[in-house]
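Below: the structure, in structure tokens.
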Amino acid sequence: MLEATAPPTGPVPLRSWPAQHLAGVDFDPVLAELMREGPITRIQLPNGSGWAWLVTRYEDVRMVTNDPRFSRRAVVAADVTRLAPHFIPAEGAVGFADPPDHTRLRRAIAPAFTTRGVETLRTRAQAMLDELVDGILADGPPADLTERLLAPFPLAVVCELMGVAERDRAMVHEWTALILSSTAGAEASEAAKRSMCGYFERLVREPGDTPREGVIALLAAAVAAGEVTETEAVGLALLLQIGGEAVTNNTGNMVYILLSRPGVWDRLRAEPELRPTAVDEMLRYIPHRNSVGLSRIATEDLVLAGQPVRAGEAVYVSYLAANRDPEVFERPEELVLDRTPNPHVAFGYGPHFCPGAMLARLEQELIVSALLERFPGLRLAVPEDELRWRPGALIRGPEALPVAW
């Protein structure tokens with residue numbers, strides 16, 4: 001249940017939103033209660049200071065994320081209440097930029113994320129996936145899908161995209177895990193962030209034999225041309241690398257749904273043409289993160305969802321709540337595999353829409369199809385209630401997925 005405290009100003013109660021360890025694809029009961037309280041509420045998260053507004057209705061979420069009166073840049077100088085004990089993006093990162101700077105930074109890496117750019121990566125991604133699957137089949141059951149497939153495949157793909165050498169990938173993965181942890185402690189997370197920033201700084205300065213079409217090479221060229229600063233390039237590389245590995249947890253939740261709901265598995269094996277639509281619906285349905293992500297700061301007094309918001313106040317949006325808005329999605333609490341249209345906001349909305357959305361979808365569709373086609377008898381190797389979800393992670397996902405076939 002929510003813990004109510006006396007509001008510092010105004011009539012809207014202030015609600016404490018503690019970090020919770022949630023299993024499976026259970027929807028956060030605190031968020032569900034906040035949604036019932038109204039389209040805009042006030043929250044206090046475990047770290048940072050003060051309080052922030054939270055909007056949960058689909059149209060309000062899209063408005064805030066696409067309105068220049070709500071600034072990401074202003075968050076850098078504010079100790080906003082937050083889930084994480086630390087800020088993940090480095091100074092100058094695209095995640096904390098506003099247009100026109102944000103537009104300029106996104107332009108520098110745009111060629112890697114076009115439809116053509118992602119499709120160019122498809123053949124290589126399929127080959128890497130086939131190699132991993134071949135190894136699992138050769139070794140035989142049981143196997144931990146997280147360890148053998150769901151972690152190494154997205155890591156290999158994002159490193160391929162970035163231009164990270166194979167010898168460095170385990171190190172980069174370890175840094176990412178520490179940065180994304182909400183329990184490792186601020187010192188460990190900050191140390192990992194500094195290490196990753198130093199690594200990308202060296203690559204941007206001397207890209208060496210990194211692929212010319214890779215993100216590192218694109219950023220190095222943009223720095224050399226004076227289009228972005230070195231600090232901006234490093235911050236952008238950090239955010240893209242971390243975001244690329246989030247596919248592990250998101251896809252882990254998808255596979256959990258496939259293996260814990262026999263009707264889903266059977267239907268997608270029988271109707272392969274339905275798989276892209278089903279992946280999109282799982283993106284809408286799965287609560288892929290804990291709590292909320294990055295906030296924004298109102299730059300002027302305004303009215304939001306009928307509530308006066310003052311300049312300088314922090315505002316969070318919940319994409320998870322927006323994806324369950326009954327005014328937009330019929331039967332929002334149900335997984336409807338053939339849902340169309342499906343205007344979900346799992347990848348965000350507005351200028352900060354995830355640049356890797358097409359790549360993430362590609363990876364997830366490839367993994368889902370590979371499991372359905374090559375492991376027809378795939379099943380959990382342990383009782384469902386023995387599965388464990390990552391404790392203290394900002395992005396939700398299973399620690400392990402033991403399977404047999």
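Ordering of the structure tokens sets the chain letters (A, B, ...); residue numbers start at 1 within each chain; ligands are numbered from 1 in the order shown.
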Would you pick out the contacts of Val309 (chain A) at 10 Å or less, using only C-alpha atoms, so that residues sharing its chain but fewer than 6 positions from it are not included, and give the list as a list of chain:residue names?
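Neighbouring residues, sequence-local ones excluded: A:Trp53, A:Ala298, A:Thr299, A:Glu300, A:Asp301, A:Leu302, A:Val303, A:Val315.
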Any chance you could export the current selection's all heavy atoms as a short mmCIF file (atom, residue, chain, number, x, y, z; two decimals), in the first residue's frame?
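As a result, out_18.cif now contains:
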```cif
data_model
loop_
_atom_site.label_atom_id
_atom_site.label_comp_id
_atom_site.auth_asym_id
_atom_site.auth_seq_id
_atom_site.Cartn_x
_atom_site.Cartn_y
_atom_site.Cartn_z
N TRP A 53 5.88 15.51 -9.60
CA TRP A 53 4.58 15.13 -10.17
C TRP A 53 4.75 13.85 -10.98
O TRP A 53 5.80 13.61 -11.58
CB TRP A 53 4.05 16.24 -11.08
CG TRP A 53 3.74 17.54 -10.40
CD1 TRP A 53 4.48 18.70 -10.46
CD2 TRP A 53 2.62 17.81 -9.56
NE1 TRP A 53 3.88 19.68 -9.70
CE2 TRP A 53 2.74 19.17 -9.13
CE3 TRP A 53 1.54 17.06 -9.11
CZ2 TRP A 53 1.82 19.77 -8.29
CZ3 TRP A 53 0.61 17.66 -8.28
CH2 TRP A 53 0.76 19.00 -7.87
N ALA A 298 9.57 21.47 -15.32
CA ALA A 298 8.73 22.49 -15.96
C ALA A 298 9.51 23.81 -16.01
O ALA A 298 10.08 24.24 -15.02
CB ALA A 298 7.44 22.67 -15.17
N THR A 299 9.54 24.43 -17.17
CA THR A 299 10.29 25.68 -17.32
C THR A 299 9.42 26.92 -17.18
O THR A 299 9.92 28.04 -17.22
CB THR A 299 10.99 25.71 -18.70
OG1 THR A 299 10.00 25.57 -19.73
CG2 THR A 299 12.00 24.59 -18.81
N GLU A 300 8.11 26.71 -17.03
CA GLU A 300 7.20 27.83 -16.79
C GLU A 300 5.97 27.32 -16.05
O GLU A 300 5.72 26.11 -16.01
CB GLU A 300 6.79 28.50 -18.10
CG GLU A 300 6.05 27.58 -19.06
CD GLU A 300 5.70 28.26 -20.37
OE1 GLU A 300 6.61 28.57 -21.16
OE2 GLU A 300 4.47 28.46 -20.61
N ASP A 301 5.23 28.22 -15.46
CA ASP A 301 3.98 27.82 -14.81
C ASP A 301 2.99 27.36 -15.88
O ASP A 301 2.86 27.99 -16.94
CB ASP A 301 3.38 29.01 -14.05
CG ASP A 301 4.21 29.44 -12.85
OD1 ASP A 301 5.15 28.68 -12.49
OD2 ASP A 301 3.94 30.51 -12.29
N LEU A 302 2.30 26.28 -15.59
CA LEU A 302 1.34 25.75 -16.56
C LEU A 302 0.33 24.89 -15.83
O LEU A 302 0.44 24.65 -14.62
CB LEU A 302 2.05 24.94 -17.66
CG LEU A 302 3.08 23.89 -17.21
CD1 LEU A 302 2.42 22.56 -16.93
CD2 LEU A 302 4.15 23.72 -18.25
N VAL A 303 -0.67 24.41 -16.57
CA VAL A 303 -1.67 23.50 -16.01
C VAL A 303 -1.52 22.17 -16.72
O VAL A 303 -1.52 22.09 -17.95
CB VAL A 303 -3.09 24.06 -16.19
CG1 VAL A 303 -4.12 23.04 -15.71
CG2 VAL A 303 -3.25 25.37 -15.44
N VAL A 315 8.64 16.65 -13.10
CA VAL A 315 7.50 15.87 -13.60
C VAL A 315 8.01 14.55 -14.17
O VAL A 315 8.93 14.54 -14.99
CB VAL A 315 6.74 16.64 -14.71
CG1 VAL A 315 5.57 15.81 -15.24
CG2 VAL A 315 6.24 17.99 -14.19
#
```
Each residue of region 96-116 of chain A lying at most 12 Å from region 151-169 of chain A should get a row with its shortest atom-to-atom pair and the distance in Å to one decimal, counting only C-alpha atoms; could you produce that, ordered by chain and increasing number, as a tab-separated table?
```
residue	atom	partner	partner_atom	distance
A:Ile109	CA	A:Met162	CA	10.0
A:Pro111	CA	A:Leu161	CA	11.1
A:Ala112	CA	A:Leu161	CA	7.4
A:Phe113	CA	A:Leu161	CA	9.3
```
Using N, CA and C atoms, can you write the selected residues to a file as a JSON list (two decimals), in the first residue's frame?
```
[["chain", "number", "residue", "atom", "x", "y", "z"],
["A", 109, "ILE", "N", 24.41, 10.16, -34.93],
["A", 109, "ILE", "CA", 24.40, 8.69, -34.95],
["A", 109, "ILE", "C", 23.24, 8.13, -35.76],
["A", 111, "PRO", "N", 22.67, 7.59, -38.96],
["A", 111, "PRO", "CA", 22.87, 6.57, -40.01],
["A", 111, "PRO", "C", 22.88, 5.14, -39.49],
["A", 112, "ALA", "N", 23.29, 4.93, -38.24],
["A", 112, "ALA", "CA", 23.35, 3.57, -37.70],
["A", 112, "ALA", "C", 21.97, 3.04, -37.35],
["A", 113, "PHE", "N", 20.98, 3.93, -37.22],
["A", 113, "PHE", "CA", 19.67, 3.52, -36.73],
["A", 113, "PHE", "C", 18.55, 3.70, -37.76]]
```
Rows by chain and residue number, region 212-303 of chain A within 9 Å of region 364-372 of chain A, shortest pair, only C-alpha atoms, as a Markdown table:
```
| residue | atom | partner | partner_atom | distance |
| --- | --- | --- | --- | --- |
| A:Val247 | CA | A:Gln364 | CA | 7.7 |
| A:Asn250 | CA | A:Gln364 | CA | 8.6 |
| A:Thr251 | CA | A:Gln364 | CA | 6.2 |
| A:Met254 | CA | A:Val368 | CA | 8.2 |
| A:Val255 | CA | A:Val368 | CA | 7.4 |
| A:Leu258 | CA | A:Val368 | CA | 8.8 |
| A:Trp265 | CA | A:Leu372 | CA | 7.6 |
| A:Leu268 | CA | A:Leu372 | CA | 7.6 |
| A:Arg269 | CA | A:Leu372 | CA | 5.9 |
| A:Pro272 | CA | A:Ser369 | CA | 7.9 |
| A:Arg275 | CA | A:Glu365 | CA | 7.1 |
| A:Pro276 | CA | A:Glu365 | CA | 6.4 |
| A:Val279 | CA | A:Glu365 | CA | 6.7 |
```
Print the selection's residues with all heavy atoms to a file, as a short mmCIF file (atom, residue, chain, number, x, y, z; two decimals), in the first residue's frame.
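What ended up in out_39.cif:
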```
data_model
loop_
_atom_site.label_atom_id
_atom_site.label_comp_id
_atom_site.auth_asym_id
_atom_site.auth_seq_id
_atom_site.Cartn_x
_atom_site.Cartn_y
_atom_site.Cartn_z
N VAL A 247 17.86 -5.01 -23.66
CA VAL A 247 17.11 -6.02 -24.42
C VAL A 247 17.15 -7.37 -23.71
O VAL A 247 16.20 -8.17 -23.80
CB VAL A 247 17.67 -6.13 -25.86
CG1 VAL A 247 17.03 -7.29 -26.61
CG2 VAL A 247 17.44 -4.82 -26.61
N ASN A 250 14.27 -7.33 -21.13
CA ASN A 250 12.98 -7.25 -21.80
C ASN A 250 12.63 -8.57 -22.49
O ASN A 250 11.50 -9.07 -22.41
CB ASN A 250 12.99 -6.12 -22.83
CG ASN A 250 13.08 -4.75 -22.19
OD1 ASN A 250 12.81 -4.60 -21.00
ND2 ASN A 250 13.45 -3.76 -22.96
N THR A 251 13.62 -9.15 -23.18
CA THR A 251 13.37 -10.39 -23.90
C THR A 251 13.22 -11.55 -22.93
O THR A 251 12.45 -12.49 -23.19
CB THR A 251 14.50 -10.67 -24.91
OG1 THR A 251 14.76 -9.49 -25.67
CG2 THR A 251 14.11 -11.79 -25.86
N MET A 254 9.72 -11.68 -22.11
CA MET A 254 8.94 -12.24 -23.21
C MET A 254 9.01 -13.76 -23.21
O MET A 254 7.99 -14.45 -23.37
CB MET A 254 9.45 -11.70 -24.55
CG MET A 254 9.14 -10.24 -24.80
SD MET A 254 9.65 -9.76 -26.47
CE MET A 254 9.21 -8.01 -26.43
N VAL A 255 10.23 -14.30 -23.04
CA VAL A 255 10.39 -15.75 -23.05
C VAL A 255 9.66 -16.37 -21.86
O VAL A 255 9.06 -17.45 -21.97
CB VAL A 255 11.88 -16.12 -23.06
CG1 VAL A 255 12.05 -17.63 -22.98
CG2 VAL A 255 12.56 -15.58 -24.31
N LEU A 258 6.17 -16.75 -22.89
CA LEU A 258 6.02 -17.87 -23.82
C LEU A 258 5.99 -19.21 -23.09
O LEU A 258 5.23 -20.11 -23.47
CB LEU A 258 7.18 -17.87 -24.82
CG LEU A 258 7.24 -16.75 -25.87
CD1 LEU A 258 8.52 -16.86 -26.68
CD2 LEU A 258 6.03 -16.80 -26.78
N TRP A 265 2.54 -19.86 -26.55
CA TRP A 265 3.55 -20.65 -27.27
C TRP A 265 2.92 -21.40 -28.45
O TRP A 265 3.42 -21.33 -29.58
CB TRP A 265 4.21 -21.63 -26.30
CG TRP A 265 5.21 -22.55 -26.92
CD1 TRP A 265 4.97 -23.78 -27.46
CD2 TRP A 265 6.61 -22.30 -27.10
NE1 TRP A 265 6.13 -24.33 -27.94
CE2 TRP A 265 7.16 -23.46 -27.73
CE3 TRP A 265 7.46 -21.26 -26.76
CZ2 TRP A 265 8.52 -23.56 -28.04
CZ3 TRP A 265 8.81 -21.37 -27.07
CH2 TRP A 265 9.33 -22.50 -27.71
N LEU A 268 1.76 -19.03 -31.38
CA LEU A 268 2.84 -18.42 -32.16
C LEU A 268 3.63 -19.46 -32.95
O LEU A 268 4.23 -19.12 -33.97
CB LEU A 268 3.78 -17.62 -31.24
CG LEU A 268 3.14 -16.39 -30.59
CD1 LEU A 268 4.18 -15.60 -29.80
CD2 LEU A 268 2.49 -15.48 -31.64
N ARG A 269 3.62 -20.69 -32.51
CA ARG A 269 4.21 -21.75 -33.34
C ARG A 269 3.33 -22.02 -34.56
O ARG A 269 3.82 -22.25 -35.66
CB ARG A 269 4.40 -23.03 -32.54
CG ARG A 269 5.74 -23.11 -31.84
CD ARG A 269 6.00 -24.49 -31.24
NE ARG A 269 5.91 -25.59 -32.20
CZ ARG A 269 6.85 -25.89 -33.10
NH1 ARG A 269 7.95 -25.15 -33.17
NH2 ARG A 269 6.68 -26.91 -33.92
N PRO A 272 3.15 -18.20 -37.49
CA PRO A 272 4.40 -17.42 -37.50
C PRO A 272 4.21 -15.98 -37.98
O PRO A 272 4.96 -15.09 -37.56
CB PRO A 272 5.32 -18.21 -38.44
CG PRO A 272 4.42 -19.12 -39.21
CD PRO A 272 3.26 -19.41 -38.32
N ARG A 275 3.88 -13.30 -35.21
CA ARG A 275 4.94 -13.04 -34.24
C ARG A 275 5.33 -11.57 -34.10
O ARG A 275 5.48 -11.08 -32.97
CB ARG A 275 6.17 -13.91 -34.56
CG ARG A 275 5.89 -15.39 -34.35
CD ARG A 275 7.00 -16.26 -34.90
NE ARG A 275 6.57 -17.67 -34.93
CZ ARG A 275 7.27 -18.64 -35.51
NH1 ARG A 275 8.42 -18.36 -36.11
NH2 ARG A 275 6.81 -19.89 -35.50
N PRO A 276 5.51 -10.81 -35.18
CA PRO A 276 5.84 -9.39 -34.99
C PRO A 276 4.77 -8.62 -34.20
O PRO A 276 5.09 -7.80 -33.34
CB PRO A 276 5.97 -8.85 -36.42
CG PRO A 276 6.31 -10.05 -37.24
CD PRO A 276 5.55 -11.19 -36.60
N VAL A 279 5.05 -9.69 -30.53
CA VAL A 279 6.18 -9.04 -29.87
C VAL A 279 5.81 -7.61 -29.50
O VAL A 279 6.11 -7.14 -28.39
CB VAL A 279 7.43 -9.07 -30.77
CG1 VAL A 279 8.51 -8.11 -30.26
CG2 VAL A 279 8.00 -10.48 -30.84
#
```
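With only C-alpha atoms as the atoms that count, the minimum distance from Leu380 (chain A) to the choices A:Gly235, A:Pro142, A:Pro46, A:Pro39 is reached by A:Pro142.
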With a distance cut-off of 9 Å and only C-alpha atoms, select the neighbouring residues of region 35-38 of chain A, excluding the residue or stretch itself and same-chain residues fewer than 5 positions from it, and output the selection as a PyMOL selection string.
chain A and resi 30+55-57+321
Report as a PyMOL selection string all protein, DNA and RNA residues lying within 7 Å of Ser49 (chain A), evaluated on only C-alpha atoms, omitting residues in the same chain fewer than 2 positions from it.
chain A and resi 47+51+79-81
Selection export as an mmCIF file, in the first residue's frame, atoms kept: all heavy atoms:
```cif
data_model
loop_
_atom_site.group_PDB
_atom_site.id
_atom_site.type_symbol
_atom_site.label_atom_id
_atom_site.label_comp_id
_atom_site.auth_asym_id
_atom_site.auth_seq_id
_atom_site.Cartn_x
_atom_site.Cartn_y
_atom_site.Cartn_z
ATOM 1 N N ASN A 47 15.552 7.866 -3.553
ATOM 2 C CA ASN A 47 16.787 8.648 -3.592
ATOM 3 C C ASN A 47 16.521 10.058 -4.096
ATOM 4 O O ASN A 47 15.429 10.377 -4.551
ATOM 5 C CB ASN A 47 17.823 7.950 -4.475
ATOM 6 C CG ASN A 47 18.278 6.630 -3.891
ATOM 7 O OD1 ASN A 47 19.011 6.591 -2.903
ATOM 8 N ND2 ASN A 47 17.841 5.518 -4.486
ATOM 9 N N TRP A 51 10.089 16.150 -4.031
ATOM 10 C CA TRP A 51 9.002 15.350 -4.588
ATOM 11 C C TRP A 51 8.847 15.720 -6.055
ATOM 12 O O TRP A 51 9.484 16.660 -6.550
ATOM 13 C CB TRP A 51 7.701 15.600 -3.821
ATOM 14 C CG TRP A 51 7.280 17.055 -3.778
ATOM 15 C CD1 TRP A 51 7.637 17.984 -2.857
ATOM 16 C CD2 TRP A 51 6.458 17.744 -4.733
ATOM 17 N NE1 TRP A 51 7.088 19.207 -3.163
ATOM 18 C CE2 TRP A 51 6.352 19.083 -4.304
ATOM 19 C CE3 TRP A 51 5.791 17.346 -5.900
ATOM 20 C CZ2 TRP A 51 5.620 20.047 -5.010
ATOM 21 C CZ3 TRP A 51 5.053 18.299 -6.603
ATOM 22 C CH2 TRP A 51 4.982 19.629 -6.151
ATOM 23 N N ASP A 79 18.591 18.084 -7.812
ATOM 24 C CA ASP A 79 18.661 16.801 -7.110
ATOM 25 C C ASP A 79 17.246 16.248 -6.984
ATOM 26 O O ASP A 79 16.643 16.242 -5.912
ATOM 27 C CB ASP A 79 19.303 16.980 -5.733
ATOM 28 C CG ASP A 79 19.525 15.651 -5.021
ATOM 29 O OD1 ASP A 79 19.646 14.623 -5.723
ATOM 30 O OD2 ASP A 79 19.582 15.640 -3.779
ATOM 31 N N VAL A 80 16.718 15.776 -8.104
ATOM 32 C CA VAL A 80 15.325 15.348 -8.177
ATOM 33 C C VAL A 80 15.143 14.001 -7.479
ATOM 34 O O VAL A 80 16.015 13.127 -7.546
ATOM 35 C CB VAL A 80 14.882 15.247 -9.652
ATOM 36 C CG1 VAL A 80 13.471 14.691 -9.762
ATOM 37 C CG2 VAL A 80 14.977 16.608 -10.321
ATOM 38 N N THR A 81 14.024 13.826 -6.794
ATOM 39 C CA THR A 81 13.708 12.522 -6.224
ATOM 40 C C THR A 81 13.725 11.475 -7.330
ATOM 41 O O THR A 81 13.211 11.693 -8.421
ATOM 42 C CB THR A 81 12.335 12.557 -5.517
ATOM 43 O OG1 THR A 81 12.114 11.296 -4.874
ATOM 44 C CG2 THR A 81 11.191 12.855 -6.476
#
```
Can you measure CA of Ala97 (chain A) to CA of Ala314 (chain A) for me? One decimal in Å is fine.
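CA of Ala314 (chain A) lies at a distance of 15.7 Å from CA of Ala97 (chain A).
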Please list as a PyMOL selection string every residue within 7 Å of Arg289 (chain A), counting only C-alpha atoms and excluding residues in the same chain fewer than 4 positions away.
chain A and resi 394-396
